[in-house]
Amino acid sequence: MADNFYSLSVQETMQREKTDPQGLTAAQAAERLAQYGANKLDEGKRKSTFVVFLEQFKDLLVAILAVAAIISMISGQAESTIVIFAVLILNAVLGTVQYVKAEKSLAGLKAMSTPTAKVLRDGTRIEIPSEQIVPGDMVLLEAGDMVVADGRVFENFSLKVNESSLTGESVDVEKSTEPLQAEKVALGDRKNMVFSGSLVTYGRASVIVTGTGMHTELGKIASLMNQTQQRRTPLQKSLDDFSKKLSIVIMAISAVVFLLSVFRSGMPILDSLMFAVALAVAAIPEALSSIVTIVQAVGTQKMAKQHAIIKDLKAVETLGSVSVICSDKTGTLTQNRMRVQQIYADHAMLDGKDLELANDPQRLLLKTALLASDATFDEATGASIGDPTEVALVQLGGLFGVEETTYREQHPRLKELAFDSDRKLMSTLHWIEGKATLLTKGAIDVLLQRSTHLFTSAGVVPMTDEERTEILRVNHELSEQGLRVLAFACRELPEVRGLTFDDEQDFTFIGLISMIDPPREESVQAVADAKRAGIRTVMITGDHKVTASAIAKQIGIFEDGDIAVDGTELDGMTDGELDEKLQNIAVYARVSPEHKIRIVTAWQRRGCIVSMTGDGVNDAPALKQADIGVAMGITGTEVSKDAASMILSDDNFATIVKAVVNGRSVFANIKNAIKFLLSGNMSAILCVLFTSFMMLPVPFAPVHLLFINLLTDSLPAIAIGMEPARRGLLDQKPRDPKESILNRSLLLKIFGQGLLIAVAVMLAFYSGYGAGGAALASTMAFATLTLARLFHGFNCRGRGSIFRLKFTSNPFSLLAFFAGVGLLALVLFVPALEGLFLVAPLTGEHVMQIVLLAFAPTLLIQVFKVIRDRVER
Ligand SMILES: Nc1ncnc2c1ncn2[C@@H]1O[C@H](COP(=O)(O)OP(=O)(O)OP(=O)(O)O)[C@@H](O)[C@H]1O
Ligand SMILES: [Ca+2]
């Protein structure tokens, strides 16, 4: 493929790419897709499953186990050696499976958030996944889109593109269609080309695709870049750190225990070594890191089903501590289904239904509404394309049999200034009654200021102050009902020429159209839920202050004592003043995207964790600045989705609140799983320390501890991770993000519960020691420890007693328990395994003792919980 498309004319480019202004046909596209491949970048080298498998062995555990295996071998326990190796391999297999699964689920999430692109195929405009774009496609770009392939600009309407991801240049580049003459042109100067990975910030254009996938400029860079992805989240990192520190401490203690055994009790070196090894194996939480990964993966899957797509695993943790949600109004808190209500023209207010086409000002109002809009609406099918605000206008035309298409054919659009949320205006230029006329619609405060005249049935007259006040009064009246008010104006231009923003003044005011956009039904409940959960909801909107406040009151965001602030007032405040009022500001109206950053940082200065929604191109910086940037899946621009860490596939505010609850639940479950795993380990450590101190035989062989840590303990830990979110999560305050997950109270519980289990295990040990010596003692201790930890799984499911949590609410926990008991029974009672697991035969009486002793700690913990539940109620 040639590189120099910039030096070709549009026609030459079309010939070269064998395409035409109607775009490719479906058949051509399919053929080229087969020929050139999907439009995506090579994902770099994926780790092969085998490499992942091997990697499972490069960890401290393996070293310790290898030592254990060697010691077992020397001490004549060949079976043990085999079991240890079997366990090592099993562990690696499990680790590999988990890794591959987690990768898959992440890939699935990524697929849900792939960008789409608009193309012409067979002459019609359709939206397709960007991967299906092929060379020769006619791609349509507009503000907010991400460019997904390289292309030559074909038709240009003031297109501006940000190419900083390619060129590092942060200033937007204006594009044109003219061929460039020079031999070699730097990437940043190819004004008639657009490049994959850049962002459309303004205007629109159609583009002939000249390169896709790895054959784009981005592809060239990507193949140079070595994309190493860091997948570990802060929580995973801090747990890994914890594990590392723990292992060091444990090694030190192991060494001390070893030396003590040798020198104090004159124990044979081999036996002393077994003590040290047992301690090390007992202490290291082998399963911890993979359990955390599993719980997080389960959590993101669940959130995706509930319409919140997590793009960044870190967000799962952060969500749980969100304390402020800043939300757009239109479409997020409201339904974004606009219907025209009252209209106002020539001093008269009337219902939209009663509009009269014979009345000049009213007809011009409708004409402006239809001409200065891009939306279309098909009466027959009810299908609409475009901004709901504009769809409502087009629907109004439909009421009177006026097709937007007819008007638009009569008065073709000659030039245009696209809408943007900063200017809050949109203008188009047409020939109307032989005059070049600029038609403009937009926010009333902006438009009225720039209007000097008024359009009446008696013709165009200078606007008086009374009339101005009257229009503002009407606007206020409509806005107070929560209606969205749009203003319309026009002006003559001396000739048809390129437009600039300076043309948007000296207007003749035509009138107002108000429309209703009812709140979503779920919004009220969601705001109330958020409030109960200690989360402040703040409305941020481009709409008018009065309208926004009215809606905010209906939804429950704006309460007594709250205030609403608009963009201009915000500009007038210093950071200090803003900080002072921040708590009370429930509504920010008429804000531009730049204001959003200020609001986010102000809350962050207070130490709050902020979630911010956004849909436009200019929202991207605020989405990045927020702790949780939330983009709209349906209406959001590709740029905003790219910048966000979460995407709402239903655009619904209530989904954010659900995601926060899920985030809290994931965090709580992880914490409980950690409590379970570490308290179990603690009990084994205490037993080993105790027996070593008392100069008793070593209570567990490494095989025993491995069996528990890797098998029987993993099952309840995963079940705890599956625990469904409880309503009670809403009654807590947001978690302090700075607080470590292993806080004092958790460590205390780990120690206390570990101690309880250790006592039970030691009682079993003594009983076995008295009756049958070291072998029986060890078997009793091992069986009791395993079973006690399986029971303990129920204690760790949540804060309440098991009666409150109910067995049925998490069937996995029962399943895990019985699976664990089954495994234990196999090891204890299948003669073939006796030798492997070094167990002595047990009588019925022993089994009774084991069951009772193993259950005792759980009984005590449950009794304690029942009492606490009572007291708390
Ligand atoms: N297509 C449009 N053409 C002209 N003016 C518009 C158009 N859409 C909106 N406006 C005006 O610009 C204002 C700001 O619109 P913007 O899209 O920034 O925010 P919004 O949709 O009102 O609210 P939110 O920020 O909650 O989504 C609107 O209140 C309206 O007055
Ligand atoms: Ca908007």
# chains A, B, ... in the order shown; residues from 1 in each chain; ligands from 1

call {"tool": "residues_around", "arguments": {"residues": "range 476-488 of chain A", "least_positions_apart": "3", "cutoff": "6 Å", "atoms": "only C-alpha atoms", "output": "list in words"}}
result
Thr440, Lys441, Gly442, Ala443, Ile444, Arg473, Ile510, Gly511, Leu512, Ile513, Ser514, Met515, Ile516, Val546, Thr547, Ala550 and Ile551 of chain A

call {"tool": "residues_around", "arguments": {"residues": "Ala489 in chain A", "least_positions_apart": "5", "cutoff": "10 Å", "atoms": "only C-alpha atoms", "output": "number ranges by chain"}}
result
A: 364-365, 368-369, 427, 438-442, 444, 447-448, 450-451, 453-455, 504-512

call {"tool": "atom_distance", "arguments": {"atom1": "CA of Gln525 in chain A", "atom2": "CA of Ala552 in chain A"}}
result
13.1 Å

call {"tool": "residues_around", "arguments": {"residues": "Val617 in chain A", "least_positions_apart": "4", "cutoff": "12 Å", "atoms": "only C-alpha atoms", "output": "ChimeraX atom specification"}}
result
/A:142-146,160-162,198-203,420-422,592-594,621-623,631-632,635-644

call {"tool": "write_last_selection", "arguments": {"atoms": "C-alpha atoms", "output": "CSV table (one decimal), in the first residue's frame"}}
result
chain,number,residue,atom,x,y,z
A,142,GLU,CA,-18.2,13.8,13.7
A,143,ALA,CA,-17.2,15.5,16.9
A,144,GLY,CA,-16.8,13.0,19.6
A,145,ASP,CA,-15.7,10.1,17.4
A,146,MET,CA,-12.5,8.3,17.6
A,160,LYS,CA,-10.8,19.4,13.7
A,161,VAL,CA,-8.9,16.5,15.0
A,162,ASN,CA,-6.6,16.0,18.0
A,198,SER,CA,-6.9,10.5,17.0
A,199,LEU,CA,-10.0,12.2,18.2
A,200,VAL,CA,-12.5,14.3,16.3
A,201,THR,CA,-13.0,17.4,18.4
A,202,TYR,CA,-15.1,19.5,16.1
A,203,GLY,CA,-17.0,19.5,12.8
A,420,ASP,CA,-21.0,22.3,21.1
A,421,SER,CA,-21.7,22.4,24.8
A,422,ASP,CA,-19.3,25.3,25.4
A,592,SER,CA,-19.1,23.7,30.2
A,593,PRO,CA,-17.0,20.5,30.4
A,594,GLU,CA,-14.1,22.5,31.8
A,621,PRO,CA,-10.3,15.2,30.8
A,622,ALA,CA,-12.8,15.3,33.6
A,623,LEU,CA,-13.5,11.6,33.3
A,631,ALA,CA,-19.2,7.1,30.1
A,632,MET,CA,-22.5,6.5,28.5
A,635,THR,CA,-25.2,8.1,23.7
A,636,GLY,CA,-21.6,8.6,24.7
A,637,THR,CA,-18.9,9.6,22.2
A,638,GLU,CA,-16.1,7.1,21.6
A,639,VAL,CA,-13.7,9.6,23.1
A,640,SER,CA,-15.5,9.6,26.4
A,641,LYS,CA,-15.7,5.9,26.5
A,642,ASP,CA,-12.0,5.7,25.9
A,643,ALA,CA,-11.3,8.0,28.9
A,644,ALA,CA,-13.7,6.3,31.3

call {"tool": "residues_around", "arguments": {"residues": "Gly542 in chain A", "least_positions_apart": "5", "cutoff": "6 Å", "atoms": "only C-alpha atoms", "output": "ChimeraX atom specification"}}
result
/A:589-591

call {"tool": "write_last_selection", "arguments": {"atoms": "all heavy atoms", "output": "mmCIF file, in the first residue's frame"}}
result
data_model
loop_
_atom_site.group_PDB
_atom_site.id
_atom_site.type_symbol
_atom_site.label_atom_id
_atom_site.label_comp_id
_atom_site.auth_asym_id
_atom_site.auth_seq_id
_atom_site.Cartn_x
_atom_site.Cartn_y
_atom_site.Cartn_z
ATOM 1 N N ALA A 589 -25.499 24.290 36.938
ATOM 2 C CA ALA A 589 -26.223 24.442 35.680
ATOM 3 C C ALA A 589 -25.393 25.245 34.687
ATOM 4 O O ALA A 589 -24.455 25.941 35.075
ATOM 5 C CB ALA A 589 -27.541 25.153 35.931
ATOM 6 N N ARG A 590 -25.749 25.114 33.412
ATOM 7 C CA ARG A 590 -25.065 25.861 32.364
ATOM 8 C C ARG A 590 -23.556 25.761 32.481
ATOM 9 O O ARG A 590 -22.840 26.736 32.305
ATOM 10 C CB ARG A 590 -25.461 27.344 32.428
ATOM 11 C CG ARG A 590 -26.828 27.638 31.860
ATOM 12 C CD ARG A 590 -26.848 27.592 30.346
ATOM 13 N NE ARG A 590 -28.115 28.085 29.813
ATOM 14 C CZ ARG A 590 -29.034 27.304 29.259
ATOM 15 N NH1 ARG A 590 -28.852 26.003 29.156
ATOM 16 N NH2 ARG A 590 -30.144 27.829 28.786
ATOM 17 N N VAL A 591 -23.096 24.571 32.823
ATOM 18 C CA VAL A 591 -21.648 24.431 32.935
ATOM 19 C C VAL A 591 -21.083 23.913 31.622
ATOM 20 O O VAL A 591 -21.766 23.277 30.830
ATOM 21 C CB VAL A 591 -21.247 23.442 34.042
ATOM 22 C CG1 VAL A 591 -21.550 24.011 35.396
ATOM 23 C CG2 VAL A 591 -21.900 22.105 33.842
#

call {"tool": "residues_around", "arguments": {"residues": "Ile432 in chain A", "least_positions_apart": "5", "cutoff": "12 Å", "atoms": "only C-alpha atoms", "output": "number ranges by chain"}}
result
A: 364, 367-368, 371, 407-408, 410-414, 437-439, 490-493, 496

call {"tool": "residues_near_ligand", "arguments": {"ligand": "ligand 2", "cutoff": "9 Å", "atoms": "only C-alpha atoms and all ligand atoms", "output": "list of chain:residue names"}}
result
A:Asp328, A:Lys329, A:Thr330, A:Gly331, A:Ser421, A:Thr541, A:Gly542, A:Asp543, A:Gly614, A:Asp615, A:Gly616

call {"tool": "write_last_selection", "arguments": {"atoms": "C-alpha atoms", "output": "compact mmCIF listing (two decimals), in the first residue's frame"}}
result
# COMPACT_ATOMS: atom_id res chain seq x y z
CA ASP A 328 -25.28 14.53 34.00
CA LYS A 329 -28.94 15.29 33.95
CA THR A 330 -30.12 14.71 30.42
CA GLY A 331 -30.47 11.03 29.64
CA SER A 421 -21.69 22.36 24.79
CA THR A 541 -25.85 19.90 33.44
CA GLY A 542 -25.63 22.17 30.47
CA ASP A 543 -29.29 23.01 30.96
CA GLY A 614 -19.69 12.46 30.81
CA ASP A 615 -20.66 11.87 27.23
CA GLY A 616 -18.98 14.50 25.09

call {"tool": "closest_residue", "arguments": {"among": "A:Val67, A:Val322, A:Ala684, A:Leu746", "to": "Met612 in chain A", "atoms": "only C-alpha atoms"}}
result
A:Val322

call {"tool": "residues_around", "arguments": {"residues": "Thr843 in chain A", "least_positions_apart": "3", "cutoff": "12 Å", "atoms": "only C-alpha atoms", "output": "NGL selection string"}}
result
:A and (768 or 771-772 or 776 or 779-780 or 828-829 or 840 or 846-850)

call {"tool": "write_last_selection", "arguments": {"atoms": "C-alpha atoms", "output": "PDB file, in the first residue's frame"}}
result
ATOM      1  CA  GLY A 768      -4.723 -38.949  69.955  1.00  0.00           C
ATOM      2  CA  ALA A 771      -4.392 -43.139  72.873  1.00  0.00           C
ATOM      3  CA  GLY A 772      -1.994 -44.046  70.086  1.00  0.00           C
ATOM      4  CA  LEU A 776      -2.579 -40.955  65.756  1.00  0.00           C
ATOM      5  CA  THR A 779      -3.929 -37.690  62.197  1.00  0.00           C
ATOM      6  CA  MET A 780      -6.410 -36.361  64.770  1.00  0.00           C
ATOM      7  CA  LEU A 828      -8.858 -40.553  55.968  1.00  0.00           C
ATOM      8  CA  PHE A 829     -10.720 -43.683  54.963  1.00  0.00           C
ATOM      9  CA  ALA A 840      -3.316 -43.558  61.022  1.00  0.00           C
ATOM     10  CA  HIS A 846     -12.040 -40.749  67.322  1.00  0.00           C
ATOM     11  CA  VAL A 847     -14.208 -39.556  64.495  1.00  0.00           C
ATOM     12  CA  MET A 848     -16.810 -38.377  67.009  1.00  0.00           C
ATOM     13  CA  GLN A 849     -14.166 -36.460  68.902  1.00  0.00           C
ATOM     14  CA  ILE A 850     -12.878 -34.883  65.727  1.00  0.00           C
TER      15      ILE A 850
END

call {"tool": "residues_around", "arguments": {"residues": "Ala315 in chain A", "least_positions_apart": "5", "cutoff": "9 Å", "atoms": "only C-alpha atoms", "output": "PyMOL selection string"}}
result
chain A and resi 233+310+320+627-628+645-646+663

call {"tool": "atom_distance", "arguments": {"atom1": "CA of Gly299 in chain A", "atom2": "CA of Asn743 in chain A"}}
result
22.9 Å

call {"tool": "select_by_dssp", "arguments": {"residues": "range 551-697 of chain A", "states": "helix (DSSP H, G or I)", "output": "ChimeraX atom specification"}}
result
/A:551-555,567-572,575-584,593-605,617-625,638-643,653-693
